[in-house]
Amino acid sequence: MATSIRYDSCMMAFWLAGSVAIIITILALLSIAVPELSDLSHLASVATESGVIEAILLTMVAALVAVLFLVIFCTPLAYVLARSTTRWKGIVENLVDIPLVLPHTVAGLMVYLLFMSRGPLGAPLRGVGIVFEDAFFGIVVAMIFVSSPYYINAVREGFEKVPVHLENVARTLGASRFYAFRSITLPMSTRHLLSGSFLAWGRAVGEFAAVVMIAYFPMVVSTLIYQRFTTGGLAESRSVAFIMIIICIAVFIVFRWLTRAAGRHDHDRA
Amino acid sequence: MTMIVLEHVSLALGEFNLRDVDLRISRGEYLVLLGPSGAGKTVLLEIITGLREADNGTVIINQRDMSGVLPEHRGTAIVYQDYSLFPHMTAAENIAYGLKIQRRPVKEITKRVDSLLADFGISPLKNRYPGSLSGGEQQRVAIARALATDPAVLLLDEPFASLDPRSRDECIRVMQNLKETRSVTIIQVSHSGDEAYTLADRVVVLLDGRVSQTGTPDEIFYHPVSVKVAQFAGMENVMTGTVTNNESGRSLITIGSAKIPLPVAFKQGAQISIGISAGCIRVLFEKPVSDEPDTNRIPCQVRRVTWGKDTATLWLEGAVPLTAVIQRPTDYDPSSLQDLHVYAVFKDTDVCVFSGD
């Protein structure tokens, strides 16, 4: 008797193995959601606390500014890495990936040393009025540092997928390299640009260790949750965490909905 | 008038090299660049467009030295085998791309795009995206796009290689039509002899990064200058032998037990190679009655036969081994050819003598 394709034993085994990770995620979500949803009045009171609202807004805005910085300064880097053939490319690629392999406390310490008021970048920038220690921009630079590899790698991959032939054709049709980039490569990489931005944003929103070292105050959500966990206890921190989960899932859904049309002409989807 | 001049163009590029390529292409000429994969044909096109820089040598287009001139200012347009249409633009937008860069008035762009769409028989596809077009349709859009800006030179990199036979024939007809109606200079990279025959004014054979032979398709396929070109051109009967001169001063080449007269005189005892195109060998199933002058008749036995739709290839064993391609005989049962004793007949003038290797 022929084995039914629907009951492919190999696929079933893989599903079974993979379900471990999924089940842990679901259980983790439930362990927060169940107690929170059974005490809605407490949840509502935490959600309306001005300290909580401020921390959430601060985190979102700082992460957005970090992503904006990445889009402006790291999109060109991603393109250069995708197209250049110089032998220095490998070194630059490794430098880009360094924040990925460092413990985040180490990343935080590096950011702190560089941007603290006496730091090599912190001191001159303080001279023009930009302060990083315990300040908004301190949060932003820490976020940029840890999330840049996610953005650069995702966008570079997108650029690499655009065949060089398309740019070549555009060039012979009269396009400058920049015009070819703007009119061909960039629009064809929309999906990767958006997903890179979203990944980096998520990474930035979630950053704790690197942020806390340069800016304990003003408190981002991660710092707030940690502070409440160590001072107020489990119930206090859990409510803030639950609110954060709801917001992140909502943002994720809205992002997917807004970008559903992006990349419909991408080469690898054609 | 000369449109393109390549002088001593060389480029070392890892696995392959272009060595000292010299070429002159006239205005309005259709040149087919033939060569096996890895011979450097695409690289040569990219050097002409400025997408790649040569290590040495000069590229002159329209009497202008192109050193340091960016691809966007050279007036060359390239069409790749993979069509390379911009997938996020419709057929019409693809064709209009170069015209928009030139900031032509919208009215003029629309008119030009419409006339190109009509010329290539793709008007109904105007608003379709490349993803929904067949290979042949995409290639026609790509050629129309390349022609939109009136380039001085159109470069085609194996444009029909990934098309099915019907679309390929259609595209070749489009190119034939183009050749007759517009005076555009075209360089086409190909490895198909058929395409060279149908389209080329002149063929350049590029082997191992060098120009091995330049000439008409007939010259390349029936009178290759070297063993390498002969082998590339698919000449089946390439043999090496020793020259002997007979008492009347005529040079003959001895291969095995056969003596074949040569069209030119050679030094006694010289080792040379000759080639005879399989299509030039006639196969007679009975002993030829009349003695035609300047004709060789070699008695052979059919050792193997492979059948095509309209032709048969015979592997013959005689004084020399020969391969002949004949029209599929109607009065012979295919299986009865095996082991048959036949005569391989060819004219002295069909024998090519190779000077180089």
# chains A, B, ... in the order shown; residues from 1 in each chain; ligands from 1
call {"tool": "closest_atom_pairs", "arguments": {"of": "chain B", "to": "chain A", "cutoff": "10 Å", "atoms": "only C-alpha atoms", "output": "tab-separated table"}}
result
residue	atom	partner	partner_atom	distance
B:Glu46	CA	A:Asn168	CA	9.0
B:Thr49	CA	A:Thr172	CA	6.9
B:Gly50	CA	A:Thr172	CA	8.6
B:Leu51	CA	A:Asn168	CA	6.8
B:Leu70	CA	A:Ser176	CA	8.5
B:Pro71	CA	A:Thr172	CA	5.4
B:Glu72	CA	A:Gly174	CA	4.0
B:His73	CA	A:Gly174	CA	6.5
B:Arg74	CA	A:Thr172	CA	7.5
B:Gly75	CA	A:Thr172	CA	7.1
B:Thr76	CA	A:Thr172	CA	6.0
B:Ala77	CA	A:Thr172	CA	5.1
B:Ile78	CA	A:Val169	CA	6.1
B:Val79	CA	A:Val169	CA	7.2
B:Tyr80	CA	A:His165	CA	7.5
B:Gln81	CA	A:His165	CA	10.0
B:Asp82	CA	A:His165	CA	8.6
B:Tyr83	CA	A:Leu166	CA	9.0
B:Ser84	CA	A:Leu166	CA	5.4
B:Leu85	CA	A:Leu166	CA	7.0
B:Phe86	CA	A:Leu166	CA	6.7
B:Pro87	CA	A:His265	CA	5.5
B:His88	CA	A:His265	CA	5.1
B:Met89	CA	A:His265	CA	8.5
B:Asn94	CA	A:Ala170	CA	9.8
B:Ile95	CA	A:Leu173	CA	9.9
B:Ala96	CA	A:Leu173	CA	10.0
B:Tyr97	CA	A:Leu173	CA	7.5
B:Gly98	CA	A:Leu173	CA	4.9
B:Leu99	CA	A:Leu173	CA	8.3
B:Lys100	CA	A:Gly174	CA	9.5
B:Ile101	CA	A:Gly174	CA	6.5
B:Gln102	CA	A:Gly174	CA	7.6
B:Tyr129	CA	A:His265	CA	8.4
B:Pro130	CA	A:Ala270	CA	8.7
B:Gly131	CA	A:Ala270	CA	5.5
B:Ser132	CA	A:Ala270	CA	8.6
B:Ala142	CA	A:Val169	CA	9.6
B:Arg145	CA	A:Leu173	CA	8.4
B:Ala146	CA	A:Leu173	CA	7.0
B:Leu147	CA	A:Leu173	CA	9.3
B:Ala148	CA	A:Leu173	CA	8.8
B:Thr149	CA	A:Leu173	CA	7.1
B:Asp150	CA	A:Leu173	CA	9.8
B:Pro151	CA	A:Leu173	CA	8.5
call {"tool": "residues_around", "arguments": {"residues": "stretch 115-124 of chain A", "least_positions_apart": "6", "cutoff": "12 Å", "atoms": "only C-alpha atoms", "output": "number ranges by chain"}}
result
A: 108-109, 130-135, 137-142, 145, 211, 213-215
call {"tool": "write_last_selection", "arguments": {"atoms": "all heavy atoms", "output": "CSV table (one decimal), in the first residue's frame"}}
result
chain,number,residue,atom,x,y,z
A,108,GLY,N,27.2,47.1,26.1
A,108,GLY,CA,26.8,48.3,26.9
A,108,GLY,C,28.0,49.0,27.4
A,108,GLY,O,28.0,50.3,27.4
A,109,LEU,N,28.9,48.3,27.9
A,109,LEU,CA,30.1,48.9,28.4
A,109,LEU,C,30.9,49.7,27.3
A,109,LEU,O,31.4,50.8,27.5
A,109,LEU,CB,31.0,47.8,29.0
A,109,LEU,CG,32.0,48.2,30.1
A,109,LEU,CD1,31.3,48.8,31.3
A,109,LEU,CD2,32.9,47.1,30.5
A,130,ILE,N,24.8,67.7,23.0
A,130,ILE,CA,24.1,66.3,23.0
A,130,ILE,C,24.7,65.5,24.1
A,130,ILE,O,25.9,65.2,24.1
A,130,ILE,CB,24.4,65.7,21.6
A,130,ILE,CG1,23.9,66.6,20.5
A,130,ILE,CG2,23.6,64.3,21.6
A,130,ILE,CD1,24.2,66.1,19.1
A,131,VAL,N,23.8,65.1,25.0
A,131,VAL,CA,24.3,64.3,26.2
A,131,VAL,C,23.8,62.9,26.1
A,131,VAL,O,22.6,62.7,25.6
A,131,VAL,CB,23.7,65.0,27.5
A,131,VAL,CG1,24.2,64.2,28.7
A,131,VAL,CG2,24.1,66.4,27.6
A,132,PHE,N,24.6,61.9,26.4
A,132,PHE,CA,24.2,60.5,26.3
A,132,PHE,C,24.0,59.8,27.6
A,132,PHE,O,23.1,59.0,27.8
A,132,PHE,CB,25.3,59.7,25.5
A,132,PHE,CG,25.4,60.2,24.1
A,132,PHE,CD1,26.3,61.2,23.7
A,132,PHE,CD2,24.6,59.6,23.1
A,132,PHE,CE1,26.4,61.6,22.4
A,132,PHE,CE2,24.7,60.1,21.8
A,132,PHE,CZ,25.6,61.1,21.4
A,133,GLU,N,24.8,60.2,28.6
A,133,GLU,CA,24.6,59.5,29.9
A,133,GLU,C,23.3,59.9,30.5
A,133,GLU,O,22.9,61.0,30.7
A,133,GLU,CB,25.8,60.0,30.9
A,133,GLU,CG,26.9,59.0,31.0
A,133,GLU,CD,28.0,59.5,31.9
A,133,GLU,OE1,28.9,60.1,31.4
A,133,GLU,OE2,27.9,59.2,33.1
A,134,ASP,N,22.6,58.8,30.9
A,134,ASP,CA,21.2,59.0,31.5
A,134,ASP,C,20.4,59.9,30.6
A,134,ASP,O,19.8,60.9,31.2
A,134,ASP,CB,21.3,59.4,32.9
A,134,ASP,CG,21.7,58.3,33.8
A,134,ASP,OD1,21.3,57.1,33.5
A,134,ASP,OD2,22.4,58.5,34.8
A,135,ALA,N,20.4,59.7,29.4
A,135,ALA,CA,19.6,60.6,28.5
A,135,ALA,C,19.1,59.8,27.3
A,135,ALA,O,19.5,58.7,27.0
A,135,ALA,CB,20.5,61.8,28.0
A,137,PHE,N,19.4,60.1,24.1
A,137,PHE,CA,20.3,59.7,23.0
A,137,PHE,C,21.2,58.6,23.4
A,137,PHE,O,21.7,57.8,22.6
A,137,PHE,CB,21.1,60.9,22.5
A,137,PHE,CG,20.3,61.8,21.6
A,137,PHE,CD1,19.9,63.1,22.0
A,137,PHE,CD2,19.9,61.4,20.4
A,137,PHE,CE1,19.1,63.9,21.2
A,137,PHE,CE2,19.1,62.2,19.6
A,137,PHE,CZ,18.7,63.4,20.0
A,138,GLY,N,21.5,58.5,24.7
A,138,GLY,CA,22.2,57.3,25.2
A,138,GLY,C,21.5,56.0,24.9
A,138,GLY,O,22.1,55.0,24.5
A,139,ILE,N,20.2,56.1,25.2
A,139,ILE,CA,19.3,54.9,24.9
A,139,ILE,C,19.4,54.6,23.4
A,139,ILE,O,19.6,53.4,22.9
A,139,ILE,CB,17.9,55.2,25.3
A,139,ILE,CG1,17.8,55.4,26.8
A,139,ILE,CG2,16.9,54.0,24.8
A,139,ILE,CD1,16.4,55.9,27.2
A,140,VAL,N,19.3,55.6,22.5
A,140,VAL,CA,19.3,55.5,21.1
A,140,VAL,C,20.6,54.8,20.6
A,140,VAL,O,20.6,53.9,19.8
A,140,VAL,CB,19.0,56.8,20.4
A,140,VAL,CG1,19.2,56.6,18.9
A,140,VAL,CG2,17.6,57.3,20.7
A,141,VAL,N,21.8,55.4,21.1
A,141,VAL,CA,23.0,54.8,20.6
A,141,VAL,C,23.2,53.3,21.0
A,141,VAL,O,23.7,52.5,20.2
A,141,VAL,CB,24.3,55.6,20.9
A,141,VAL,CG1,24.3,56.9,20.2
A,141,VAL,CG2,24.4,55.8,22.4
A,142,ALA,N,22.8,53.0,22.2
A,142,ALA,CA,22.9,51.6,22.7
A,142,ALA,C,22.0,50.7,21.8
A,142,ALA,O,22.4,49.6,21.4
A,142,ALA,CB,22.4,51.5,24.1
A,145,PHE,N,23.6,50.3,18.3
A,145,PHE,CA,24.8,49.4,18.4
A,145,PHE,C,24.4,47.9,18.3
A,145,PHE,O,24.9,47.1,17.6
A,145,PHE,CB,25.6,49.7,19.7
A,145,PHE,CG,26.9,49.0,19.7
A,145,PHE,CD1,28.0,49.4,18.9
A,145,PHE,CD2,27.1,47.9,20.5
A,145,PHE,CE1,29.2,48.7,18.9
A,145,PHE,CE2,28.3,47.2,20.5
A,145,PHE,CZ,29.4,47.6,19.7
A,211,VAL,N,21.4,49.2,27.2
A,211,VAL,CA,20.8,50.5,27.5
A,211,VAL,C,21.0,50.9,28.9
A,211,VAL,O,21.4,52.0,29.2
A,211,VAL,CB,19.3,50.4,27.2
A,211,VAL,CG1,18.5,51.6,27.7
A,211,VAL,CG2,19.0,50.2,25.7
A,213,MET,N,23.3,50.3,30.9
A,213,MET,CA,24.7,50.7,31.3
A,213,MET,C,24.9,52.2,31.1
A,213,MET,O,25.7,52.8,31.8
A,213,MET,CB,25.7,49.8,30.6
A,213,MET,CG,25.4,48.4,31.0
A,213,MET,SD,26.8,47.2,30.9
A,213,MET,CE,28.0,47.8,32.0
A,214,ILE,N,24.3,52.7,30.0
A,214,ILE,CA,24.5,54.1,29.7
A,214,ILE,C,23.4,55.0,30.2
A,214,ILE,O,23.6,56.2,30.6
A,214,ILE,CB,24.8,54.4,28.2
A,214,ILE,CG1,25.3,55.8,28.0
A,214,ILE,CG2,23.6,54.1,27.3
A,214,ILE,CD1,26.0,56.1,26.7
A,215,ALA,N,22.2,54.4,30.3
A,215,ALA,CA,21.0,55.2,30.7
A,215,ALA,C,20.0,54.4,31.5
A,215,ALA,O,19.1,53.8,31.0
A,215,ALA,CB,20.3,55.8,29.5
call {"tool": "select_by_dssp", "arguments": {"residues": "stretch 88-269 of chain A", "states": "alpha helix (DSSP H)", "output": "ChimeraX atom specification"}}
result
/A:89-101,104-115,122-127,136-161,164-172,177-180,186-188,190-206,209-214,221-231,234-258
call {"tool": "closest_residue", "arguments": {"among": "A:Ala63, A:Leu194, A:Lys161, A:Ala44", "to": "A:Gly206", "atoms": "only C-alpha atoms"}}
result
A:Ala63
call {"tool": "atom_distance", "arguments": {"atom1": "atom CA of A:Ser38", "atom2": "atom CA of A:Phe255"}}
result
29.2 Å
call {"tool": "residues_around", "arguments": {"residues": "B:Leu163", "least_positions_apart": "4", "cutoff": "12 Å", "atoms": "only C-alpha atoms", "output": "list of chain:residue names"}}
result
B:Gln81, B:Asp82, B:Tyr83, B:Ser134, B:Gly135, B:Gly136, B:Glu137, B:Gln138, B:Gln139, B:Arg140, B:Glu158, B:Pro159, B:Ser167, B:Arg168, B:Asp169, B:Glu170, B:Cys171, B:Ile172
call {"tool": "closest_residue", "arguments": {"among": "B:Val305, B:Ala344, B:Ile48, B:Ala12", "to": "B:Phe285", "atoms": "only C-alpha atoms"}}
result
B:Ala344
call {"tool": "residues_around", "arguments": {"residues": "B:Val203", "least_positions_apart": "5", "cutoff": "10 Å", "atoms": "only C-alpha atoms", "output": "PyMOL selection string"}}
result
chain B and resi 30-34+187-189+193+196-197+213-220
call {"tool": "write_last_selection", "arguments": {"atoms": "C-alpha atoms", "output": "short mmCIF file (atom, residue, chain, number, x, y, z; two decimals), in the first residue's frame"}}
result
data_model
loop_
_atom_site.label_atom_id
_atom_site.label_comp_id
_atom_site.auth_asym_id
_atom_site.auth_seq_id
_atom_site.Cartn_x
_atom_site.Cartn_y
_atom_site.Cartn_z
CA TYR B 30 25.45 42.44 -37.67
CA LEU B 31 28.35 40.66 -36.04
CA VAL B 32 27.95 37.31 -34.33
CA LEU B 33 30.53 36.42 -31.73
CA LEU B 34 30.80 32.66 -31.54
CA ILE B 187 26.99 42.42 -31.80
CA GLN B 188 25.43 39.16 -30.77
CA VAL B 189 27.07 36.52 -28.64
CA GLY B 193 25.68 28.09 -35.90
CA ALA B 196 25.06 32.89 -37.17
CA TYR B 197 23.80 31.70 -40.56
CA GLN B 213 38.87 33.46 -37.08
CA THR B 214 36.76 36.18 -38.65
CA GLY B 215 34.65 35.59 -41.73
CA THR B 216 31.30 34.75 -43.23
CA PRO B 217 29.36 31.83 -41.71
CA ASP B 218 30.37 29.71 -44.75
CA GLU B 219 34.02 30.46 -44.18
CA ILE B 220 33.79 29.55 -40.50
#
call {"tool": "residues_around", "arguments": {"residues": "A:Pro103", "least_positions_apart": "2", "cutoff": "12 Å", "atoms": "only C-alpha atoms", "output": "list in words"}}
result
Ile98, Pro99, Leu100, Val101, Thr105, Val106, Ala107, Gly108, Leu109, Met110, Val146, Glu207, Phe208, Ala209 and Ala210 of chain A
call {"tool": "closest_residue", "arguments": {"among": "B:Arg250, B:Val225, B:Trp315, B:Gly256", "to": "B:Cys352", "atoms": "only C-alpha atoms"}}
result
B:Val225
call {"tool": "select_by_dssp", "arguments": {"residues": "stretch 75-265 of chain B", "states": "strand (DSSP E or B)", "output": "short mmCIF file (atom, residue, chain, number, x, y, z; two decimals) with C-alpha atoms, in the first residue's frame"}}
result
data_model
loop_
_atom_site.label_atom_id
_atom_site.label_comp_id
_atom_site.auth_asym_id
_atom_site.auth_seq_id
_atom_site.Cartn_x
_atom_site.Cartn_y
_atom_site.Cartn_z
CA THR B 76 25.53 51.06 -26.05
CA ALA B 77 22.61 48.92 -24.94
CA ILE B 78 22.88 45.35 -23.69
CA VAL B 79 20.32 42.54 -23.73
CA VAL B 153 25.39 49.70 -30.74
CA LEU B 154 23.09 46.92 -29.60
CA LEU B 155 24.82 44.12 -27.70
CA LEU B 156 23.00 40.82 -27.35
CA ASP B 157 24.35 38.22 -24.96
CA THR B 185 24.97 48.04 -35.35
CA ILE B 186 24.56 44.74 -33.56
CA ILE B 187 26.99 42.42 -31.80
CA GLN B 188 25.43 39.16 -30.77
CA VAL B 189 27.07 36.52 -28.64
CA SER B 190 25.97 33.04 -29.55
CA ARG B 202 30.22 38.47 -40.25
CA VAL B 203 31.19 35.92 -37.63
CA VAL B 204 34.04 36.19 -35.14
CA VAL B 205 35.18 33.01 -33.42
CA LEU B 206 36.58 33.60 -29.95
CA LEU B 207 38.50 30.66 -28.48
CA ARG B 210 41.57 35.14 -28.59
CA VAL B 211 40.01 35.93 -31.95
CA SER B 212 40.63 32.67 -33.81
CA GLN B 213 38.87 33.46 -37.08
CA THR B 214 36.76 36.18 -38.65
CA GLY B 215 34.65 35.59 -41.73
CA ASN B 237 36.29 14.65 -39.96
CA VAL B 238 39.46 16.23 -38.63
CA MET B 239 42.54 14.10 -39.31
CA THR B 240 46.31 14.41 -39.21
CA GLY B 241 48.66 12.86 -41.78
CA THR B 242 51.91 13.14 -43.72
CA VAL B 243 52.38 14.99 -47.01
CA THR B 244 53.74 13.07 -49.99
CA ASN B 245 54.24 14.70 -53.37
CA SER B 251 50.62 17.19 -52.84
CA LEU B 252 48.76 14.32 -51.24
CA ILE B 253 48.15 13.57 -47.61
CA THR B 254 48.55 10.03 -46.38
CA ILE B 255 46.24 9.07 -43.55
CA ALA B 258 44.28 6.53 -47.84
CA LYS B 259 45.87 9.18 -50.01
CA ILE B 260 43.83 12.35 -50.34
CA PRO B 261 44.90 15.11 -52.78
#
call {"tool": "atom_distance", "arguments": {"atom1": "atom CA of B:Leu178", "atom2": "atom CA of B:Gly121"}}
result
12.6 Å
